[in-house]
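File shown: entry38.cif. Contents: mmCIF, N, CA, C and O atoms and all ligand atoms.
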data_structure
loop_
_atom_site.label_atom_id
_atom_site.label_comp_id
_atom_site.auth_asym_id
_atom_site.auth_seq_id
_atom_site.Cartn_x
_atom_site.Cartn_y
_atom_site.Cartn_z
N MET J 229 88.05 126.04 112.30
CA MET J 229 87.71 125.17 113.43
C MET J 229 87.07 123.88 112.91
O MET J 229 86.39 123.89 111.90
N VAL J 230 87.31 122.82 113.63
CA VAL J 230 86.86 121.50 113.21
C VAL J 230 85.99 120.92 114.33
O VAL J 230 86.38 120.96 115.50
N ARG J 231 84.83 120.41 113.97
CA ARG J 231 83.94 119.83 114.99
C ARG J 231 84.39 118.42 115.36
O ARG J 231 84.56 117.57 114.49
N ILE J 232 84.58 118.23 116.66
CA ILE J 232 84.97 116.91 117.16
C ILE J 232 84.00 116.54 118.28
O ILE J 232 83.67 117.38 119.13
N THR J 233 83.55 115.30 118.28
CA THR J 233 82.66 114.82 119.35
C THR J 233 83.41 113.82 120.21
O THR J 233 83.89 112.79 119.72
N TYR J 234 83.55 114.18 121.49
CA TYR J 234 84.18 113.31 122.49
C TYR J 234 83.05 112.66 123.29
O TYR J 234 82.16 113.36 123.79
N VAL J 235 83.09 111.35 123.42
CA VAL J 235 82.06 110.62 124.15
C VAL J 235 82.69 110.01 125.40
O VAL J 235 83.61 109.17 125.28
N GLU J 236 82.23 110.45 126.56
CA GLU J 236 82.74 109.88 127.81
C GLU J 236 82.34 108.42 127.92
O GLU J 236 81.39 107.96 127.28
N TYR J 237 82.98 107.71 128.82
CA TYR J 237 82.68 106.28 129.00
C TYR J 237 81.22 106.08 129.42
O TYR J 237 80.60 105.09 129.08
N ASN J 238 80.67 107.06 130.13
CA ASN J 238 79.26 106.95 130.57
C ASN J 238 78.28 107.35 129.47
O ASN J 238 77.07 107.38 129.70
N GLY J 239 78.78 107.68 128.29
CA GLY J 239 77.92 107.99 127.15
C GLY J 239 77.66 109.47 126.95
O GLY J 239 77.07 109.86 125.93
N ARG J 240 78.12 110.29 127.86
CA ARG J 240 77.88 111.74 127.72
C ARG J 240 78.73 112.29 126.57
O ARG J 240 79.93 112.08 126.52
N GLU J 241 78.08 113.00 125.66
CA GLU J 241 78.77 113.51 124.47
C GLU J 241 79.10 114.99 124.63
O GLU J 241 78.33 115.75 125.20
N HIS J 242 80.27 115.35 124.08
CA HIS J 242 80.69 116.75 124.05
C HIS J 242 81.12 117.06 122.61
O HIS J 242 82.12 116.51 122.14
N THR J 243 80.38 117.87 121.92
CA THR J 243 80.79 118.29 120.57
C THR J 243 81.35 119.70 120.68
O THR J 243 80.67 120.62 121.14
N VAL J 244 82.60 119.85 120.28
CA VAL J 244 83.30 121.14 120.44
C VAL J 244 84.03 121.47 119.13
O VAL J 244 84.22 120.62 118.27
N SER J 245 84.43 122.72 119.03
CA SER J 245 85.24 123.17 117.88
C SER J 245 86.70 123.19 118.31
O SER J 245 87.04 123.78 119.34
N VAL J 246 87.53 122.55 117.52
CA VAL J 246 88.96 122.45 117.83
C VAL J 246 89.72 123.15 116.70
O VAL J 246 89.42 122.92 115.52
N PRO J 247 90.69 123.99 117.02
CA PRO J 247 91.43 124.68 115.96
C PRO J 247 92.25 123.72 115.12
O PRO J 247 92.79 122.74 115.63
N ARG J 248 92.35 124.01 113.83
CA ARG J 248 93.25 123.24 112.96
C ARG J 248 94.65 123.26 113.53
O ARG J 248 95.12 124.30 113.98
N GLY J 249 95.32 122.13 113.51
CA GLY J 249 96.69 122.05 113.99
C GLY J 249 96.80 121.66 115.45
O GLY J 249 97.86 121.25 115.90
N ALA J 250 95.70 121.82 116.20
CA ALA J 250 95.71 121.34 117.59
C ALA J 250 95.54 119.82 117.57
O ALA J 250 95.09 119.25 116.58
N THR J 251 95.91 119.19 118.66
CA THR J 251 95.72 117.74 118.73
C THR J 251 94.35 117.43 119.34
O THR J 251 93.73 118.28 120.00
N LEU J 252 93.91 116.19 119.14
CA LEU J 252 92.65 115.76 119.78
C LEU J 252 92.76 115.89 121.30
O LEU J 252 91.79 116.23 121.97
N MET J 253 93.93 115.61 121.86
CA MET J 253 94.13 115.77 123.30
C MET J 253 93.93 117.22 123.72
O MET J 253 93.24 117.52 124.68
N GLU J 254 94.53 118.15 122.98
CA GLU J 254 94.40 119.57 123.32
C GLU J 254 92.94 120.02 123.20
O GLU J 254 92.48 120.85 124.00
N GLY J 255 92.23 119.47 122.24
CA GLY J 255 90.81 119.81 122.10
C GLY J 255 90.01 119.42 123.32
O GLY J 255 89.13 120.15 123.76
N ALA J 256 90.32 118.26 123.89
CA ALA J 256 89.62 117.82 125.11
C ALA J 256 90.06 118.67 126.30
O ALA J 256 89.24 119.21 127.04
N ARG J 257 91.36 118.81 126.45
CA ARG J 257 91.90 119.56 127.60
C ARG J 257 91.39 121.01 127.59
O ARG J 257 90.93 121.52 128.62
N ASP J 258 91.45 121.66 126.45
CA ASP J 258 91.12 123.09 126.39
C ASP J 258 89.62 123.34 126.54
O ASP J 258 89.20 124.47 126.79
N ASN J 259 88.82 122.29 126.36
CA ASN J 259 87.38 122.43 126.54
C ASN J 259 86.90 121.80 127.84
O ASN J 259 85.68 121.68 128.06
N GLY J 260 87.84 121.39 128.69
CA GLY J 260 87.47 120.85 130.00
C GLY J 260 86.71 119.55 129.94
O GLY J 260 85.88 119.27 130.82
N ILE J 261 86.97 118.74 128.93
CA ILE J 261 86.25 117.48 128.78
C ILE J 261 86.96 116.40 129.60
O ILE J 261 88.15 116.15 129.40
N PRO J 262 86.25 115.75 130.52
CA PRO J 262 86.90 114.72 131.33
C PRO J 262 87.14 113.43 130.55
O PRO J 262 86.48 113.17 129.55
N GLY J 263 88.12 112.65 131.04
CA GLY J 263 88.35 111.33 130.45
C GLY J 263 89.68 111.20 129.75
O GLY J 263 90.14 110.10 129.47
N ILE J 264 90.31 112.33 129.43
CA ILE J 264 91.65 112.31 128.84
C ILE J 264 92.55 113.06 129.81
O ILE J 264 92.35 114.25 130.04
N GLU J 265 93.51 112.35 130.39
CA GLU J 265 94.31 112.96 131.45
C GLU J 265 95.57 113.64 130.92
O GLU J 265 95.95 114.70 131.40
N ALA J 266 96.24 113.03 129.98
CA ALA J 266 97.40 113.64 129.32
C ALA J 266 98.47 114.06 130.32
O ALA J 266 98.95 115.19 130.31
N ASP J 267 98.88 113.13 131.16
CA ASP J 267 99.84 113.43 132.22
C ASP J 267 101.17 113.99 131.70
O ASP J 267 101.81 114.79 132.38
N CYS J 268 101.61 113.55 130.54
CA CYS J 268 102.92 114.01 130.05
C CYS J 268 102.81 115.27 129.21
O CYS J 268 103.82 115.76 128.70
N GLY J 269 101.61 115.77 129.04
CA GLY J 269 101.43 117.03 128.32
C GLY J 269 101.56 116.92 126.82
O GLY J 269 101.70 117.92 126.13
N GLY J 270 101.54 115.71 126.31
CA GLY J 270 101.57 115.53 124.86
C GLY J 270 102.90 115.04 124.32
O GLY J 270 103.14 115.10 123.11
N ALA J 271 103.76 114.55 125.19
CA ALA J 271 105.10 114.11 124.77
C ALA J 271 105.14 112.64 124.36
O ALA J 271 106.22 112.09 124.15
N CYS J 272 104.00 111.99 124.25
CA CYS J 272 103.92 110.58 123.85
C CYS J 272 104.69 109.69 124.81
O CYS J 272 105.39 108.76 124.41
N SER J 273 104.57 109.98 126.10
CA SER J 273 105.31 109.16 127.06
C SER J 273 104.48 108.77 128.27
O SER J 273 105.05 108.44 129.32
N CYS J 274 103.14 108.79 128.17
CA CYS J 274 102.36 108.40 129.35
C CYS J 274 101.18 107.48 129.02
O CYS J 274 100.75 106.74 129.88
N ALA J 275 100.62 107.58 127.83
CA ALA J 275 99.46 106.77 127.41
C ALA J 275 98.18 107.09 128.19
O ALA J 275 97.25 106.29 128.18
N THR J 276 98.12 108.25 128.85
CA THR J 276 96.88 108.61 129.56
C THR J 276 96.01 109.56 128.72
O THR J 276 95.11 110.21 129.25
N CYS J 277 96.26 109.58 127.43
CA CYS J 277 95.41 110.35 126.51
C CYS J 277 94.75 109.39 125.52
O CYS J 277 94.34 109.79 124.45
N HIS J 278 94.67 108.14 125.91
CA HIS J 278 94.13 107.09 125.04
C HIS J 278 92.64 107.30 124.77
O HIS J 278 91.88 107.66 125.66
N ALA J 279 92.23 107.05 123.54
CA ALA J 279 90.81 107.04 123.20
C ALA J 279 90.60 106.09 122.03
O ALA J 279 91.54 105.74 121.30
N TYR J 280 89.34 105.67 121.88
CA TYR J 280 88.95 104.80 120.77
C TYR J 280 88.30 105.67 119.70
O TYR J 280 87.29 106.34 119.96
N ILE J 281 88.87 105.65 118.52
CA ILE J 281 88.29 106.41 117.42
C ILE J 281 87.08 105.64 116.89
O ILE J 281 87.13 104.41 116.74
N ASP J 282 85.99 106.35 116.61
CA ASP J 282 84.81 105.70 116.07
C ASP J 282 85.21 104.89 114.82
O ASP J 282 85.99 105.38 114.00
N PRO J 283 84.70 103.66 114.68
CA PRO J 283 85.12 102.81 113.56
C PRO J 283 84.99 103.50 112.20
O PRO J 283 85.81 103.29 111.30
N GLU J 284 83.99 104.33 112.06
CA GLU J 284 83.78 105.03 110.78
C GLU J 284 84.96 105.95 110.44
O GLU J 284 85.22 106.25 109.28
N TRP J 285 85.67 106.40 111.46
CA TRP J 285 86.74 107.38 111.28
C TRP J 285 88.13 106.78 111.41
O TRP J 285 89.11 107.41 110.97
N ALA J 286 88.25 105.65 112.05
CA ALA J 286 89.57 105.13 112.42
C ALA J 286 90.52 105.03 111.22
O ALA J 286 91.70 105.38 111.32
N SER J 287 90.01 104.61 110.08
CA SER J 287 90.88 104.42 108.92
C SER J 287 91.21 105.74 108.23
O SER J 287 92.06 105.79 107.33
N LYS J 288 90.54 106.82 108.62
CA LYS J 288 90.78 108.11 107.96
C LYS J 288 91.89 108.91 108.62
O LYS J 288 92.29 109.95 108.12
N LEU J 289 92.38 108.43 109.75
CA LEU J 289 93.44 109.14 110.44
C LEU J 289 94.80 108.76 109.85
O LEU J 289 94.97 107.67 109.33
N PRO J 290 95.78 109.66 109.97
CA PRO J 290 97.14 109.30 109.57
C PRO J 290 97.62 108.10 110.38
O PRO J 290 97.20 107.91 111.52
N ALA J 291 98.48 107.30 109.79
CA ALA J 291 98.98 106.09 110.46
C ALA J 291 99.75 106.46 111.73
O ALA J 291 100.32 107.54 111.83
N LYS J 292 99.76 105.52 112.66
CA LYS J 292 100.53 105.72 113.91
C LYS J 292 102.02 105.70 113.60
O LYS J 292 102.48 104.88 112.80
N GLN J 293 102.76 106.55 114.29
CA GLN J 293 104.21 106.47 114.26
C GLN J 293 104.63 105.36 115.25
O GLN J 293 103.88 105.03 116.17
N PRO J 294 105.82 104.80 115.08
CA PRO J 294 106.24 103.69 115.96
C PRO J 294 106.18 104.03 117.44
O PRO J 294 105.80 103.19 118.26
N MET J 295 106.53 105.27 117.81
CA MET J 295 106.52 105.63 119.23
C MET J 295 105.10 105.57 119.81
O MET J 295 104.89 105.09 120.92
N GLU J 296 104.12 106.03 119.04
CA GLU J 296 102.74 105.96 119.50
C GLU J 296 102.29 104.51 119.63
O GLU J 296 101.67 104.12 120.63
N ALA J 297 102.62 103.71 118.63
CA ALA J 297 102.22 102.30 118.66
C ALA J 297 102.82 101.60 119.88
O ALA J 297 102.15 100.82 120.57
N ASP J 298 104.09 101.89 120.18
CA ASP J 298 104.73 101.27 121.35
C ASP J 298 104.06 101.72 122.64
O ASP J 298 103.80 100.93 123.55
N MET J 299 103.79 103.01 122.74
CA MET J 299 103.22 103.56 123.99
C MET J 299 101.79 103.06 124.20
O MET J 299 101.34 102.92 125.34
N LEU J 300 101.08 102.77 123.14
CA LEU J 300 99.70 102.27 123.29
C LEU J 300 99.65 100.94 124.05
O LEU J 300 98.62 100.60 124.62
N ASP J 301 100.77 100.22 124.06
CA ASP J 301 100.81 98.97 124.83
C ASP J 301 100.56 99.22 126.32
O ASP J 301 100.18 98.31 127.05
N PHE J 302 100.82 100.44 126.77
CA PHE J 302 100.65 100.77 128.18
C PHE J 302 99.26 101.34 128.48
O PHE J 302 98.94 101.66 129.62
N ALA J 303 98.44 101.50 127.47
CA ALA J 303 97.09 102.04 127.67
C ALA J 303 96.18 100.96 128.26
O ALA J 303 96.47 99.76 128.16
N HIS J 304 95.07 101.39 128.86
CA HIS J 304 94.09 100.46 129.41
C HIS J 304 93.25 99.88 128.27
O HIS J 304 92.59 100.62 127.53
N GLU J 305 93.32 98.57 128.10
CA GLU J 305 92.53 97.84 127.11
C GLU J 305 92.57 98.47 125.72
O GLU J 305 91.53 98.86 125.17
N PRO J 306 93.76 98.56 125.14
CA PRO J 306 93.82 99.12 123.78
C PRO J 306 93.19 98.19 122.75
O PRO J 306 93.22 96.97 122.92
N ASP J 307 92.62 98.77 121.73
CA ASP J 307 92.04 98.02 120.61
C ASP J 307 92.87 98.38 119.37
O ASP J 307 92.82 99.53 118.92
N PRO J 308 93.65 97.44 118.85
CA PRO J 308 94.56 97.79 117.76
C PRO J 308 93.87 98.43 116.56
O PRO J 308 94.48 99.20 115.83
N SER J 309 92.60 98.15 116.37
CA SER J 309 91.94 98.67 115.17
C SER J 309 91.47 100.11 115.34
O SER J 309 91.21 100.80 114.35
N ARG J 310 91.36 100.61 116.58
CA ARG J 310 90.81 101.97 116.71
C ARG J 310 91.37 102.76 117.89
O ARG J 310 90.94 103.89 118.12
N SER J 311 92.33 102.21 118.63
CA SER J 311 92.93 102.98 119.72
C SER J 311 93.97 103.95 119.18
O SER J 311 94.76 103.60 118.31
N ARG J 312 93.96 105.17 119.71
CA ARG J 312 95.00 106.16 119.41
C ARG J 312 95.35 106.92 120.67
O ARG J 312 94.54 107.01 121.59
N LEU J 313 96.57 107.45 120.66
CA LEU J 313 96.94 108.42 121.68
C LEU J 313 96.55 109.78 121.11
O LEU J 313 97.08 110.20 120.07
N THR J 314 95.64 110.45 121.78
CA THR J 314 95.05 111.65 121.19
C THR J 314 96.04 112.81 121.09
O THR J 314 95.81 113.74 120.33
N CYS J 315 97.16 112.73 121.82
CA CYS J 315 98.16 113.79 121.68
C CYS J 315 98.93 113.66 120.39
O CYS J 315 99.70 114.56 120.03
N GLN J 316 98.77 112.56 119.70
CA GLN J 316 99.53 112.32 118.48
C GLN J 316 98.70 112.52 117.22
O GLN J 316 99.18 112.27 116.12
N VAL J 317 97.46 112.96 117.37
CA VAL J 317 96.60 113.15 116.21
C VAL J 317 96.24 114.63 116.10
O VAL J 317 95.56 115.18 116.96
N LYS J 318 96.72 115.26 115.02
CA LYS J 318 96.42 116.67 114.79
C LYS J 318 95.13 116.80 113.99
O LYS J 318 94.84 116.00 113.10
N VAL J 319 94.39 117.83 114.33
CA VAL J 319 93.09 118.07 113.72
C VAL J 319 93.27 118.84 112.41
O VAL J 319 94.08 119.75 112.33
N ASN J 320 92.51 118.43 111.39
CA ASN J 320 92.44 119.21 110.15
C ASN J 320 91.02 119.09 109.60
O ASN J 320 90.20 118.35 110.14
N GLU J 321 90.74 119.81 108.51
CA GLU J 321 89.36 119.86 107.99
C GLU J 321 88.83 118.48 107.64
O GLU J 321 87.63 118.23 107.74
N ALA J 322 89.69 117.60 107.22
CA ALA J 322 89.25 116.26 106.82
C ALA J 322 88.66 115.49 108.00
O ALA J 322 87.98 114.49 107.81
N LEU J 323 88.93 115.95 109.21
CA LEU J 323 88.42 115.25 110.40
C LEU J 323 87.16 115.91 110.96
O LEU J 323 86.70 115.55 112.04
N ASP J 324 86.57 116.85 110.21
CA ASP J 324 85.36 117.52 110.69
C ASP J 324 84.25 116.49 110.90
O ASP J 324 83.90 115.76 109.97
N GLY J 325 83.73 116.41 112.11
CA GLY J 325 82.68 115.45 112.44
C GLY J 325 83.19 114.21 113.14
O GLY J 325 82.41 113.32 113.51
N LEU J 326 84.50 114.11 113.33
CA LEU J 326 85.09 112.91 113.95
C LEU J 326 84.49 112.66 115.35
O LEU J 326 84.22 113.60 116.10
N VAL J 327 84.30 111.39 115.65
CA VAL J 327 83.78 110.96 116.95
C VAL J 327 84.81 110.04 117.60
O VAL J 327 85.35 109.15 116.94
N LEU J 328 85.09 110.28 118.87
CA LEU J 328 85.98 109.37 119.60
C LEU J 328 85.41 109.09 120.98
O LEU J 328 84.66 109.89 121.55
N HIS J 329 85.75 107.93 121.49
CA HIS J 329 85.18 107.42 122.74
C HIS J 329 86.29 107.25 123.78
O HIS J 329 87.35 106.70 123.47
N MET J 330 86.02 107.70 124.99
CA MET J 330 86.99 107.55 126.07
C MET J 330 86.97 106.12 126.60
O MET J 330 85.91 105.49 126.67
N PRO J 331 88.11 105.63 127.05
CA PRO J 331 88.12 104.31 127.70
C PRO J 331 87.53 104.39 129.10
O PRO J 331 87.30 105.49 129.63
N GLN J 332 87.33 103.22 129.70
CA GLN J 332 86.77 103.18 131.07
C GLN J 332 87.66 103.92 132.05
O GLN J 332 87.21 104.58 132.96
N ARG J 333 88.98 103.76 131.85
CA ARG J 333 89.94 104.52 132.66
C ARG J 333 91.22 104.69 131.86
O ARG J 333 91.42 103.98 130.87
N GLN J 334 92.06 105.60 132.29
CA GLN J 334 93.35 105.77 131.64
C GLN J 334 94.38 104.86 132.30
O GLN J 334 94.11 104.29 133.35
N ALA J 335 95.54 104.74 131.68
CA ALA J 335 96.56 103.82 132.18
C ALA J 335 96.91 104.13 133.63
O ALA J 335 96.82 105.24 134.07
FE1 LIG J 401 101.04 111.54 127.32
FE2 LIG J 401 99.61 111.57 125.07
S1 LIG J 401 99.60 113.00 126.66
S2 LIG J 401 101.08 110.12 125.69
#
What would you get if you wrote out this structure as structure tokens?
Amino acid sequence: MVRITYVEYNGREHTVSVPRGATLMEGARDNGIPGIEADCGGACSCATCHAYIDPEWASKLPAKQPMEADMLDFAHEPDPSRSRLTCQVKVNEALDGLVLHMPQRQA
């Protein structure tokens, strides 16, 4: 299990354990954390799982695939340096301690 901290837009933090191989979106959904809607269920076709990765961690994630980069254009106020679609990021031990912040609203 990997510790991930999700921070709601209002500042409320949720630190939970997410299984290796699950996505950041699944970690939020399975722990009932609000702020990530994931309307398409993880198919990279809705942009409602958008979050801002903490700057300290943003460069440690695998690079975006073209489909994720394209879909991020539909997210609410994306930040190219730290926005990700959380359904496209799988959790592994190297991400233990990762912090991500929810946007004000989803697309
Ligand atoms: Fe739809 Fe991530 S859940 S793009």
5 Å shell around ligand LIG 401 (chain J) using all atoms listed in the file, listed as a PDB file with N, CA, C and O atoms, keeping the file's coordinate frame:
ATOM      1  N   ALA J 266      96.240 113.030 129.980  1.00  0.00           N
ATOM      2  CA  ALA J 266      97.400 113.640 129.320  1.00  0.00           C
ATOM      3  C   ALA J 266      98.470 114.060 130.320  1.00  0.00           C
ATOM      4  O   ALA J 266      98.950 115.190 130.310  1.00  0.00           O
ATOM      5  N   ASP J 267      98.880 113.130 131.160  1.00  0.00           N
ATOM      6  CA  ASP J 267      99.840 113.430 132.220  1.00  0.00           C
ATOM      7  C   ASP J 267     101.170 113.990 131.700  1.00  0.00           C
ATOM      8  O   ASP J 267     101.810 114.790 132.380  1.00  0.00           O
ATOM      9  N   CYS J 268     101.610 113.550 130.540  1.00  0.00           N
ATOM     10  CA  CYS J 268     102.920 114.010 130.050  1.00  0.00           C
ATOM     11  C   CYS J 268     102.810 115.270 129.210  1.00  0.00           C
ATOM     12  O   CYS J 268     103.820 115.760 128.700  1.00  0.00           O
ATOM     13  N   GLY J 269     101.610 115.770 129.040  1.00  0.00           N
ATOM     14  CA  GLY J 269     101.430 117.030 128.320  1.00  0.00           C
ATOM     15  C   GLY J 269     101.560 116.920 126.820  1.00  0.00           C
ATOM     16  O   GLY J 269     101.700 117.920 126.130  1.00  0.00           O
ATOM     17  N   GLY J 270     101.540 115.710 126.310  1.00  0.00           N
ATOM     18  CA  GLY J 270     101.570 115.530 124.860  1.00  0.00           C
ATOM     19  C   GLY J 270     102.900 115.040 124.320  1.00  0.00           C
ATOM     20  O   GLY J 270     103.140 115.100 123.110  1.00  0.00           O
ATOM     21  N   ALA J 271     103.760 114.550 125.190  1.00  0.00           N
ATOM     22  CA  ALA J 271     105.100 114.110 124.770  1.00  0.00           C
ATOM     23  C   ALA J 271     105.140 112.640 124.360  1.00  0.00           C
ATOM     24  O   ALA J 271     106.220 112.090 124.150  1.00  0.00           O
ATOM     25  N   CYS J 272     104.000 111.990 124.250  1.00  0.00           N
ATOM     26  CA  CYS J 272     103.920 110.580 123.850  1.00  0.00           C
ATOM     27  C   CYS J 272     104.690 109.690 124.810  1.00  0.00           C
ATOM     28  O   CYS J 272     105.390 108.760 124.410  1.00  0.00           O
ATOM     29  N   SER J 273     104.570 109.980 126.100  1.00  0.00           N
ATOM     30  CA  SER J 273     105.310 109.160 127.060  1.00  0.00           C
ATOM     31  C   SER J 273     104.480 108.770 128.270  1.00  0.00           C
ATOM     32  O   SER J 273     105.050 108.440 129.320  1.00  0.00           O
ATOM     33  N   CYS J 274     103.140 108.790 128.170  1.00  0.00           N
ATOM     34  CA  CYS J 274     102.360 108.400 129.350  1.00  0.00           C
ATOM     35  C   CYS J 274     101.180 107.480 129.020  1.00  0.00           C
ATOM     36  O   CYS J 274     100.750 106.740 129.880  1.00  0.00           O
ATOM     37  N   ALA J 275     100.620 107.580 127.830  1.00  0.00           N
ATOM     38  CA  ALA J 275      99.460 106.770 127.410  1.00  0.00           C
ATOM     39  C   ALA J 275      98.180 107.090 128.190  1.00  0.00           C
ATOM     40  O   ALA J 275      97.250 106.290 128.180  1.00  0.00           O
ATOM     41  N   THR J 276      98.120 108.250 128.850  1.00  0.00           N
ATOM     42  CA  THR J 276      96.880 108.610 129.560  1.00  0.00           C
ATOM     43  C   THR J 276      96.010 109.560 128.720  1.00  0.00           C
ATOM     44  O   THR J 276      95.110 110.210 129.250  1.00  0.00           O
ATOM     45  N   CYS J 277      96.260 109.580 127.430  1.00  0.00           N
ATOM     46  CA  CYS J 277      95.410 110.350 126.510  1.00  0.00           C
ATOM     47  C   CYS J 277      94.750 109.390 125.520  1.00  0.00           C
ATOM     48  O   CYS J 277      94.340 109.790 124.450  1.00  0.00           O
ATOM     49  N   CYS J 315      97.160 112.730 121.820  1.00  0.00           N
ATOM     50  CA  CYS J 315      98.160 113.790 121.680  1.00  0.00           C
ATOM     51  C   CYS J 315      98.930 113.660 120.390  1.00  0.00           C
ATOM     52  O   CYS J 315      99.700 114.560 120.030  1.00  0.00           O
TER      53      CYS J 315
END
Next item on the list: Would you mind writing down, as a PyMOL selection string, each residue of region 231-326 of chain J that DSSP on the backbone assigns to strand (DSSP E or B)?
Entry: chain J and resi 231-235+241-246+251+278-281+311-313+318+326
Next item on the list: With a distance cut-off of 5 Å and all atoms listed in the file, select the neighbouring residues of region 246-260 of chain J, excluding the residue or stretch itself and same-chain residues fewer than 4 positions from it, and output the selection as a count of residues only.
Entry: 9
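Picture a line from atom O of His278 (chain J) to atom C of Ser245 (chain J); it runs 17.9 Å.
The helix (DSSP H, G or I) portion of region 248-306 of chain J consists of J:Leu252, J:Met253, J:Glu254, J:Gly255, J:Ala256, J:Arg257, J:Asp258, J:Pro283, J:Glu284, J:Trp285, J:Ala286, J:Pro294, J:Met295, J:Glu296, J:Ala297, J:Asp298, J:Met299, J:Leu300, with states taken from DSSP on the backbone.
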Next item on the list: Please measure the separation of atom N of Ala279 (chain J) and atom O of Tyr237 (chain J), giving the value in Å to one decimal.
Entry: 13.0 Å
Item checked: Residue neighbourhood region 301-308 of chain J, 6 Å, only N, CA, C and O atoms, exclusion window fewer than 4 positions, as a ChimeraX atom specification -> /J:274-275,296-297,312,331,333-335
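Proximity to Ile281 (chain J) was assessed for J:Glu321, J:Gln332, J:Leu326, J:Gln316 counting all atoms listed in the file; the smallest distance is recorded for J:Leu326.
All residues of protein, DNA or RNA that reach within 12 Å of Asp282 (chain J), judged by only C-alpha atoms and not counting those fewer than 2 positions away in the chain, are Ile232, Thr233, Tyr234, Val235, Ala279, Tyr280, Glu284, Trp285, Ala286, Ser287, Lys288, Leu289, Asp307, Ser309, Arg310, Ser311, Arg312, Leu323, Gly325, Leu326, Val327, Leu328, His329 and Met330 of chain J.
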Next item on the list: Provide the CA of Val244 (chain J) to CA of Pro262 (chain J) distance in Å, to one decimal place.
Entry: 13.1 Å
